[in-house]
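Undergrad: Compact mmCIF, C-alpha atoms, file entry-v3.txt:
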```txt
# COMPACT_ATOMS: atom_id res chain seq x y z
CA MET A 98 -97.24 30.01 -26.77
CA THR A 99 -97.02 32.07 -29.94
CA ALA A 100 -93.55 32.88 -31.27
CA PHE A 101 -92.72 36.20 -32.93
CA SER A 102 -90.18 36.72 -35.68
CA ILE A 103 -89.15 39.21 -38.36
CA LEU A 104 -89.32 39.11 -42.15
CA ASP A 105 -86.87 41.58 -43.68
CA LEU A 106 -87.12 42.61 -47.34
CA ALA A 107 -83.94 44.69 -46.93
CA PRO A 108 -85.84 47.76 -48.16
CA VAL A 109 -83.94 50.35 -50.17
CA VAL A 110 -85.48 53.76 -49.49
CA GLU A 111 -85.70 56.66 -51.89
CA GLY A 112 -82.37 58.48 -51.71
CA GLY A 113 -80.69 55.37 -50.30
CA ASN A 114 -78.72 52.45 -51.70
CA ALA A 115 -78.25 48.72 -51.19
CA ALA A 116 -75.17 49.11 -49.00
CA GLU A 117 -77.10 51.28 -46.52
CA SER A 118 -80.07 48.91 -46.64
CA LEU A 119 -78.00 45.84 -45.81
CA ALA A 120 -76.13 47.64 -43.03
CA ASN A 121 -79.50 48.63 -41.57
CA SER A 122 -80.66 45.01 -41.77
CA LEU A 123 -77.75 43.89 -39.63
CA VAL A 124 -78.48 46.60 -37.08
CA LEU A 125 -82.10 45.44 -36.96
CA ALA A 126 -81.14 41.76 -36.67
CA ARG A 127 -78.83 42.46 -33.73
CA ALA A 128 -81.53 44.49 -32.03
CA ALA A 129 -84.13 41.78 -32.74
CA GLU A 130 -81.89 39.22 -31.08
CA ASN A 131 -81.64 41.41 -27.97
CA TRP A 132 -85.40 42.11 -27.98
CA GLY A 133 -86.25 38.40 -28.00
CA TYR A 134 -87.54 37.68 -31.49
CA SER A 135 -87.27 34.01 -32.45
CA ARG A 136 -86.00 34.16 -36.03
CA TYR A 137 -84.99 36.59 -38.76
CA TRP A 138 -85.91 35.77 -42.34
CA ILE A 139 -84.71 37.26 -45.62
CA ALA A 140 -86.79 37.09 -48.82
CA GLU A 141 -85.64 36.47 -52.40
CA HIS A 142 -86.74 39.03 -55.00
CA HIS A 143 -85.15 40.05 -58.28
CA ASN A 144 -85.08 43.20 -60.41
CA MET A 145 -86.72 45.22 -57.61
CA ALA A 146 -85.12 48.60 -56.99
CA GLY A 147 -86.56 48.69 -53.47
CA ILE A 148 -85.35 45.27 -52.28
CA ALA A 149 -81.67 44.47 -51.64
CA SER A 150 -81.96 40.76 -50.77
CA SER A 151 -81.73 39.16 -54.23
CA ALA A 152 -78.58 37.19 -53.25
CA THR A 153 -80.53 35.72 -50.36
CA SER A 154 -78.08 33.11 -49.08
CA VAL A 155 -75.28 35.71 -49.08
CA VAL A 156 -77.39 38.08 -46.99
CA ILE A 157 -78.33 35.26 -44.61
CA GLY A 158 -74.64 34.55 -44.05
CA TYR A 159 -74.02 38.25 -43.39
CA ILE A 160 -76.84 38.41 -40.84
CA ALA A 161 -75.96 35.10 -39.16
CA GLY A 162 -72.29 36.09 -38.95
CA GLY A 163 -73.20 39.37 -37.27
CA THR A 164 -75.51 37.85 -34.66
CA ARG A 165 -75.06 35.15 -32.02
CA THR A 166 -78.23 33.20 -31.21
CA ILE A 167 -81.22 34.24 -33.31
CA ARG A 168 -82.31 31.81 -36.02
CA VAL A 169 -81.71 33.17 -39.52
CA GLY A 170 -83.17 31.91 -42.74
CA ALA A 171 -84.97 32.34 -46.03
CA GLY A 172 -88.55 33.46 -46.20
CA GLY A 173 -88.02 32.37 -48.77
CA ILE A 174 -85.90 30.91 -51.49
CA MET A 175 -87.87 30.81 -54.75
CA LEU A 176 -86.99 27.26 -55.71
CA PRO A 177 -88.00 27.47 -59.42
CA ASN A 178 -85.04 29.85 -59.85
CA HIS A 179 -82.49 27.27 -58.68
CA SER A 180 -81.52 23.64 -58.85
CA PRO A 181 -82.22 21.77 -55.59
CA LEU A 182 -78.56 20.73 -55.38
CA ILE A 183 -77.34 24.34 -55.45
CA ILE A 184 -79.69 25.29 -52.62
CA ALA A 185 -78.67 22.21 -50.63
CA GLU A 186 -75.02 23.21 -50.96
CA GLN A 187 -75.67 26.86 -50.07
CA PHE A 188 -77.78 26.10 -47.01
CA GLY A 189 -75.60 23.16 -46.04
CA THR A 190 -72.70 25.61 -46.00
CA LEU A 191 -74.69 28.07 -43.89
CA ALA A 192 -75.70 25.29 -41.48
CA SER A 193 -72.06 24.19 -41.20
CA LEU A 194 -70.99 27.74 -40.36
CA TYR A 195 -73.91 28.50 -38.02
CA PRO A 196 -75.13 25.17 -36.57
CA ASP A 197 -78.77 24.89 -35.51
CA ARG A 198 -79.52 28.47 -36.54
CA ILE A 199 -80.50 28.21 -40.22
CA ASP A 200 -84.02 27.82 -41.68
CA LEU A 201 -84.97 27.22 -45.31
CA GLY A 202 -88.36 28.49 -46.42
CA LEU A 203 -89.28 27.60 -50.00
CA GLY A 204 -91.68 29.27 -52.42
CA ARG A 205 -92.78 28.27 -55.92
CA ALA A 206 -93.10 31.78 -57.39
CA PRO A 207 -90.11 33.28 -59.23
CA GLY A 208 -90.09 36.41 -57.06
CA THR A 209 -89.96 38.62 -60.14
CA ASP A 210 -91.45 39.22 -63.57
CA GLN A 211 -91.31 36.74 -66.44
CA VAL A 212 -88.58 38.58 -68.37
CA THR A 213 -86.30 38.65 -65.32
CA TRP A 214 -87.12 35.02 -64.57
CA GLN A 215 -85.80 34.06 -68.01
CA ALA A 216 -82.65 36.07 -67.29
CA LEU A 217 -82.04 33.93 -64.21
CA ARG A 218 -80.90 31.26 -66.72
CA ARG A 219 -82.91 28.29 -65.65
CA HIS A 220 -83.47 25.71 -68.41
CA ALA A 221 -86.22 26.67 -70.83
CA THR A 222 -88.34 23.69 -69.75
CA THR A 223 -88.44 24.75 -66.08
CA ASP A 224 -92.01 24.70 -64.77
CA VAL A 225 -93.20 25.97 -61.39
CA ASN A 226 -95.44 22.89 -61.31
CA ASP A 227 -92.24 20.88 -60.70
CA PHE A 228 -92.02 22.54 -57.29
CA PRO A 229 -93.21 19.55 -55.18
CA ARG A 230 -90.70 17.25 -56.88
CA ASP A 231 -87.91 19.80 -56.36
CA VAL A 232 -88.78 20.11 -52.65
CA VAL A 233 -88.52 16.33 -52.20
CA GLU A 234 -85.22 16.29 -54.11
CA LEU A 235 -83.87 19.04 -51.87
CA GLN A 236 -84.92 17.12 -48.76
CA HIS A 237 -83.03 14.13 -50.12
CA TYR A 238 -79.80 16.12 -50.48
CA LEU A 239 -80.01 17.46 -46.91
CA ARG A 240 -80.43 14.02 -45.32
CA GLU A 241 -77.68 11.52 -44.61
CA PRO A 242 -76.47 10.13 -47.94
CA GLN A 243 -77.52 6.61 -48.86
CA GLU A 244 -75.10 3.88 -49.81
CA GLY A 245 -74.17 4.24 -53.45
CA GLN A 246 -75.65 7.72 -53.79
CA ARG A 247 -73.82 9.31 -56.72
CA VAL A 248 -74.68 12.97 -56.09
CA VAL A 249 -74.02 14.25 -52.57
CA ALA A 250 -74.41 17.85 -51.43
CA THR A 251 -71.11 18.84 -49.85
CA PRO A 252 -71.66 20.64 -47.54
CA GLY A 253 -75.34 19.81 -47.10
CA ALA A 254 -75.71 16.08 -46.63
CA GLY A 255 -76.67 15.24 -43.07
CA THR A 256 -77.33 18.84 -42.03
CA ASN A 257 -81.11 18.32 -42.04
CA VAL A 258 -81.73 22.06 -42.41
CA PRO A 259 -85.39 22.62 -41.42
CA ILE A 260 -87.52 23.17 -44.52
CA TRP A 261 -90.67 25.28 -44.55
CA ILE A 262 -93.23 25.66 -47.32
CA LEU A 263 -94.24 29.24 -48.09
CA GLY A 264 -97.37 30.22 -49.95
CA SER A 265 -100.11 32.75 -50.63
CA SER A 266 -102.65 30.25 -51.99
CA LEU A 267 -104.12 26.87 -51.13
CA PHE A 268 -101.44 25.01 -53.09
CA GLY A 269 -98.76 25.69 -50.49
CA ALA A 270 -101.06 24.69 -47.64
CA GLN A 271 -101.82 21.36 -49.31
CA LEU A 272 -98.19 20.61 -50.09
CA ALA A 273 -96.95 21.50 -46.60
CA ALA A 274 -99.64 19.29 -45.08
CA MET A 275 -98.85 16.37 -47.40
CA LEU A 276 -95.10 16.54 -46.69
CA GLY A 277 -95.52 17.19 -42.97
CA LEU A 278 -93.66 20.49 -43.06
CA PRO A 279 -94.24 23.81 -41.28
CA PHE A 280 -96.26 26.26 -43.36
CA ALA A 281 -95.78 30.03 -43.64
CA PHE A 282 -98.66 31.89 -45.27
CA ALA A 283 -97.98 35.27 -46.88
CA SER A 284 -100.96 36.99 -45.31
CA HIS A 285 -98.97 40.22 -44.98
CA PHE A 286 -99.50 40.91 -48.70
CA ALA A 287 -102.08 38.33 -49.90
CA PRO A 288 -104.62 37.66 -47.15
CA ALA A 289 -107.57 36.60 -49.35
CA ALA A 290 -107.16 32.82 -48.87
CA LEU A 291 -105.93 33.00 -45.27
CA ASP A 292 -108.78 31.25 -43.47
CA GLN A 293 -109.13 28.48 -46.03
CA ALA A 294 -105.38 27.87 -46.18
CA ILE A 295 -105.15 27.52 -42.41
CA ALA A 296 -108.07 25.09 -42.34
CA ILE A 297 -106.72 22.92 -45.17
CA TYR A 298 -103.24 22.75 -43.68
CA ARG A 299 -104.45 21.75 -40.23
CA GLU A 300 -107.03 19.24 -41.49
CA LYS A 301 -104.75 17.49 -43.99
CA PHE A 302 -101.46 17.53 -42.08
CA GLU A 303 -99.48 14.27 -42.09
CA PRO A 304 -96.71 13.85 -39.49
CA SER A 305 -93.16 13.55 -40.82
CA GLU A 306 -89.62 13.03 -39.58
CA GLN A 307 -89.27 16.80 -39.30
CA LEU A 308 -92.60 17.68 -37.70
CA SER A 309 -95.12 15.71 -35.63
CA GLU A 310 -98.01 18.20 -35.67
CA PRO A 311 -99.05 21.25 -37.72
CA TYR A 312 -97.08 24.45 -37.29
CA ILE A 313 -98.30 27.56 -39.04
CA THR A 314 -96.61 30.94 -39.32
CA LEU A 315 -98.48 33.95 -40.65
CA GLY A 316 -97.03 37.08 -42.20
CA TYR A 317 -98.24 40.18 -40.36
CA ASN A 318 -97.68 43.89 -40.97
CA VAL A 319 -96.95 46.12 -38.00
CA CYS A 320 -96.41 49.85 -37.86
CA ALA A 321 -96.04 50.93 -34.25
CA ALA A 322 -95.27 54.43 -32.98
CA ALA A 323 -95.83 56.63 -29.94
CA SER A 324 -99.32 57.62 -31.13
CA ASP A 325 -101.97 56.28 -33.48
CA SER A 326 -101.68 59.31 -35.75
CA GLU A 327 -97.91 58.97 -36.11
CA ALA A 328 -98.20 55.26 -36.93
CA VAL A 329 -100.89 55.88 -39.55
CA HIS A 330 -98.64 58.49 -41.16
CA LEU A 331 -95.55 56.23 -41.13
CA ARG A 332 -97.53 53.37 -42.65
CA THR A 333 -98.18 55.33 -45.84
CA SER A 334 -94.68 54.39 -47.02
CA SER A 335 -95.54 50.69 -47.11
CA LEU A 336 -98.96 51.41 -48.60
CA GLN A 337 -97.40 53.41 -51.42
CA SER A 338 -94.99 50.56 -52.09
CA PHE A 339 -97.84 48.02 -52.13
CA VAL A 340 -100.03 50.07 -54.46
CA ASN A 341 -97.14 50.92 -56.78
CA LEU A 342 -96.36 47.21 -57.11
CA ARG A 343 -99.98 46.49 -58.02
CA ARG A 344 -99.85 49.31 -60.56
CA GLY A 345 -96.83 47.66 -62.16
CA VAL A 346 -94.41 50.44 -61.20
CA PRO A 347 -92.41 49.10 -58.22
CA GLY A 348 -89.64 51.30 -56.88
CA LYS A 349 -87.73 52.24 -53.77
CA LEU A 350 -89.58 52.66 -50.49
CA PRO A 351 -90.97 56.22 -50.52
CA PRO A 352 -91.23 58.64 -47.60
CA PRO A 353 -94.62 58.92 -45.87
CA VAL A 354 -97.16 61.40 -47.19
CA ALA A 355 -100.18 62.96 -45.53
CA GLY A 356 -103.63 61.84 -46.64
CA TYR A 357 -102.33 59.12 -48.94
CA GLU A 358 -105.35 56.81 -48.80
CA GLU A 359 -107.63 59.66 -49.82
CA GLN A 360 -105.70 59.87 -53.11
CA LEU A 361 -106.44 56.26 -54.06
CA SER A 362 -109.13 54.93 -56.37
CA ALA A 363 -112.01 52.96 -54.91
CA THR A 364 -110.41 49.70 -56.08
CA GLU A 365 -107.10 50.58 -54.48
CA ARG A 366 -108.76 51.56 -51.21
CA ALA A 367 -110.47 48.17 -51.20
CA MET A 368 -107.07 46.46 -51.63
CA VAL A 369 -105.68 48.45 -48.71
CA ARG A 370 -108.66 47.51 -46.54
CA GLU A 371 -108.11 43.83 -47.30
CA LEU A 372 -104.43 44.18 -46.48
CA SER A 373 -105.31 45.83 -43.17
CA ARG A 374 -106.95 42.63 -42.01
CA CYS A 375 -103.44 41.30 -41.36
CA ALA A 376 -101.92 44.46 -39.94
CA ALA A 377 -101.60 46.31 -36.65
CA VAL A 378 -101.11 50.07 -36.86
CA GLY A 379 -100.97 52.49 -33.94
CA SER A 380 -99.72 53.20 -30.45
CA PRO A 381 -98.61 50.42 -28.07
CA ASP A 382 -102.12 49.92 -26.67
CA SER A 383 -103.65 49.82 -30.15
CA ILE A 384 -101.03 47.40 -31.42
CA LYS A 385 -101.58 45.00 -28.52
CA SER A 386 -105.32 44.76 -29.03
CA GLN A 387 -105.01 44.27 -32.79
CA ILE A 388 -102.41 41.51 -32.49
CA ASP A 389 -104.39 39.75 -29.75
CA ALA A 390 -107.53 39.80 -31.90
CA PHE A 391 -105.67 38.37 -34.90
CA LEU A 392 -104.18 35.56 -32.81
CA ASP A 393 -107.57 34.76 -31.26
CA LEU A 394 -108.96 34.41 -34.78
CA THR A 395 -106.15 32.40 -36.38
CA ARG A 396 -104.46 30.54 -33.47
CA ALA A 397 -101.17 30.99 -35.33
CA ASP A 398 -98.16 29.24 -33.86
CA GLU A 399 -95.96 32.13 -34.97
CA LEU A 400 -96.27 35.61 -36.43
CA ILE A 401 -93.50 36.80 -38.71
CA ILE A 402 -93.66 40.57 -38.65
CA VAL A 403 -92.98 43.00 -41.46
CA SER A 404 -92.48 46.66 -40.58
CA SER A 405 -91.75 48.72 -43.70
CA VAL A 406 -90.99 52.18 -42.37
CA PHE A 407 -89.02 54.80 -44.30
CA GLU A 408 -86.78 56.11 -41.53
CA HIS A 409 -84.43 53.52 -40.07
CA GLU A 410 -84.77 54.72 -36.47
CA ALA A 411 -88.57 54.73 -36.73
CA ARG A 412 -88.45 51.21 -38.15
CA LEU A 413 -86.34 50.03 -35.24
CA ARG A 414 -88.71 51.72 -32.84
CA SER A 415 -91.70 49.96 -34.42
CA TYR A 416 -90.14 46.55 -33.80
CA GLU A 417 -89.03 47.54 -30.30
CA ILE A 418 -92.52 48.71 -29.32
CA THR A 419 -93.92 45.44 -30.64
CA ALA A 420 -91.42 43.38 -28.64
CA ASP A 421 -92.25 45.36 -25.51
CA ILE A 422 -96.03 44.96 -25.76
CA LEU A 423 -95.67 41.25 -26.53
CA GLY A 424 -93.44 40.73 -23.49
CA LEU A 425 -90.63 39.10 -25.45
CA THR A 426 -87.64 37.99 -23.38
CA ARG A 427 -84.61 40.21 -23.71
```
Show me, as structure tokens, the structure contained in the file I just sent.
TA:
Amino acid sequence: MTAFSILDLAPVVEGGNAAESLANSLVLARAAENWGYSRYWIAEHHNMAGIASSATSVVIGYIAGGTRTIRVGAGGIMLPNHSPLIIAEQFGTLASLYPDRIDLGLGRAPGTDQVTWQALRRHATTDVNDFPRDVVELQHYLREPQEGQRVVATPGAGTNVPIWILGSSLFGAQLAAMLGLPFAFASHFAPAALDQAIAIYREKFEPSEQLSEPYITLGYNVCAAASDSEAVHLRTSSLQSFVNLRRGVPGKLPPPVAGYEEQLSATERAMVRELSRCAAVGSPDSIKSQIDAFLDLTRADELIIVSSVFEHEARLRSYEITADILGLTR
């Protein structure tokens, strides 16, 4: 049976601030727990005016401390920004505070631009191509320490926090398969390699101590409302944010505007059409048919849903409608 979860970018809306955004995230997480979603993930981004989750482990602790049962984790931590030991200690601490509720998704992108990445103060020789080695080192710190081991993550050692590999290309699929780890593909914003990534991961998967068979989670955009027309209108906020990022002018999440797609260039409309392959937009009946079709095509083990809606109450309603049509257990 497919599981359904939430990816929260802690969006800061135009006219809003980070404090409001994070408070809204906790409200959503508590509601998601009651609606029956499986997990709640926070993503690491830096120097983005519209995203309040840069201190990802801190936000995870805030969400986990304000909920009771839902799994909470990183979707993901951008490992090139950190030493594996630091992440082992942070997530070992979270796992000690909230046992059997913490997940650790790892990505190899910096989650920002090159100038900001340098400001994150990693050593000048840091290379994203070191990512596989860093993942293995991190796994080492989270296992039971070996006799004579000189560096031990405290907390961290022995917590065995579940590690996921995140990706938007074939590299992540290959690495997750090789290491026998669950794989989360960022199809909600980069769907081009989706089919090939799924095929490679499933074909090349090697069982591990953590996972005996492939497990794939796909990012999926949802904008649900009472009617198709209302949902299409609400979705223009996320489309503006997506296009602005591609234009190199990211900002806070803007309010919806009428006729937005008609204002786009042919190239931008093509990008939006590609994005729509991994999206469900509309009324409850429309949402159900679109999600069912996507699952029939991909056979995903889990969908992690992104609903970027300007008004907080409308965003909550989008996730609630989705939970209702999917029959999640309250």
Undergrad: Of the candidates A:Ser373, A:Leu315, A:Asn144, A:Ala206, which one gets nearest to Asp292 in chain A if we count all atoms listed in the file?
TA: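 Using all atoms listed in the file, the shortest distance to Asp292 in chain A belongs to A:Leu315.
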Undergrad: Please list, as a PyMOL selection string, the residues that have an atom at most 12 Å away from (-85.9, 13.4, -56.2) in the coordinates of this file, counting only C-alpha atoms.
TA: chain A and resi 180-182+227-239+246+248
Undergrad: Give me, as an NGL selection string, all polymer residues having an atom no more than 12 Å from Glu410 in chain A, counting only C-alpha atoms and skipping those fewer than 3 positions away in the same chain.
TA: :A and (121-122 or 124-125 or 128 or 322 or 331 or 404-407 or 413-417)
Undergrad: Could the residues in this selection be written to a file with C-alpha atoms, as a short mmCIF file (atom, residue, chain, number, x, y, z; two decimals), in the frame of the given file?
TA:
```cif
data_model
loop_
_atom_site.label_atom_id
_atom_site.label_comp_id
_atom_site.auth_asym_id
_atom_site.auth_seq_id
_atom_site.Cartn_x
_atom_site.Cartn_y
_atom_site.Cartn_z
CA ASN A 121 -79.50 48.63 -41.57
CA SER A 122 -80.66 45.01 -41.77
CA VAL A 124 -78.48 46.60 -37.08
CA LEU A 125 -82.10 45.44 -36.96
CA ALA A 128 -81.53 44.49 -32.03
CA ALA A 322 -95.27 54.43 -32.98
CA LEU A 331 -95.55 56.23 -41.13
CA SER A 404 -92.48 46.66 -40.58
CA SER A 405 -91.75 48.72 -43.70
CA VAL A 406 -90.99 52.18 -42.37
CA PHE A 407 -89.02 54.80 -44.30
CA LEU A 413 -86.34 50.03 -35.24
CA ARG A 414 -88.71 51.72 -32.84
CA SER A 415 -91.70 49.96 -34.42
CA TYR A 416 -90.14 46.55 -33.80
CA GLU A 417 -89.03 47.54 -30.30
#
```
Undergrad: Do you have the CA of Val249 in chain A-CA of Glu186 in chain A distance handy?
TA: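 Taking CA of Val249 in chain A and CA of Glu186 in chain A, their separation equals 9.2 Å.
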Undergrad: With only C-alpha atoms as the atoms that count, which of A:Ser335, A:Val155, A:Arg299, A:Ala290 lies nearest to Ile184 in chain A?
TA: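 Counting only C-alpha atoms, the residue closest to Ile184 in chain A is A:Val155.
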Undergrad: Could you state the separation of CA of Ile402 in chain A and CA of Lys301 in chain A in Å, given to one decimal place?
TA: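 One can read the CA of Ile402 in chain A to CA of Lys301 in chain A distance as 26.2 Å.
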Undergrad: List the neighbours of range 269-279 of chain A out to 6 Å using only C-alpha atoms; skip same-chain residues closer than 5 positions along the sequence, and give me the result as a list of chain:residue names.
TA: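 Residues meeting the cut-off are A:Trp261, A:Ile262, A:Gly264, A:Ala294, A:Tyr298, A:Lys301, A:Phe302, A:Glu303, A:Pro304, A:Ser305, A:Tyr312, A:Ile313.
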Undergrad: Between A:Glu244, A:Asp421, A:Glu408, A:Asp105, which has the minimum distance to Pro381 in chain A (counting only C-alpha atoms)?
TA: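 Checking each of A:Glu244, A:Asp421, A:Glu408, A:Asp105 against Pro381 in chain A, counting only C-alpha atoms, the winner is A:Asp421.
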Undergrad: Measure the distance from CA of Tyr137 in chain A to CA of Ala116 in chain A in Å and round it to one decimal.
TA: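 Those two atoms sit 18.9 Å apart.
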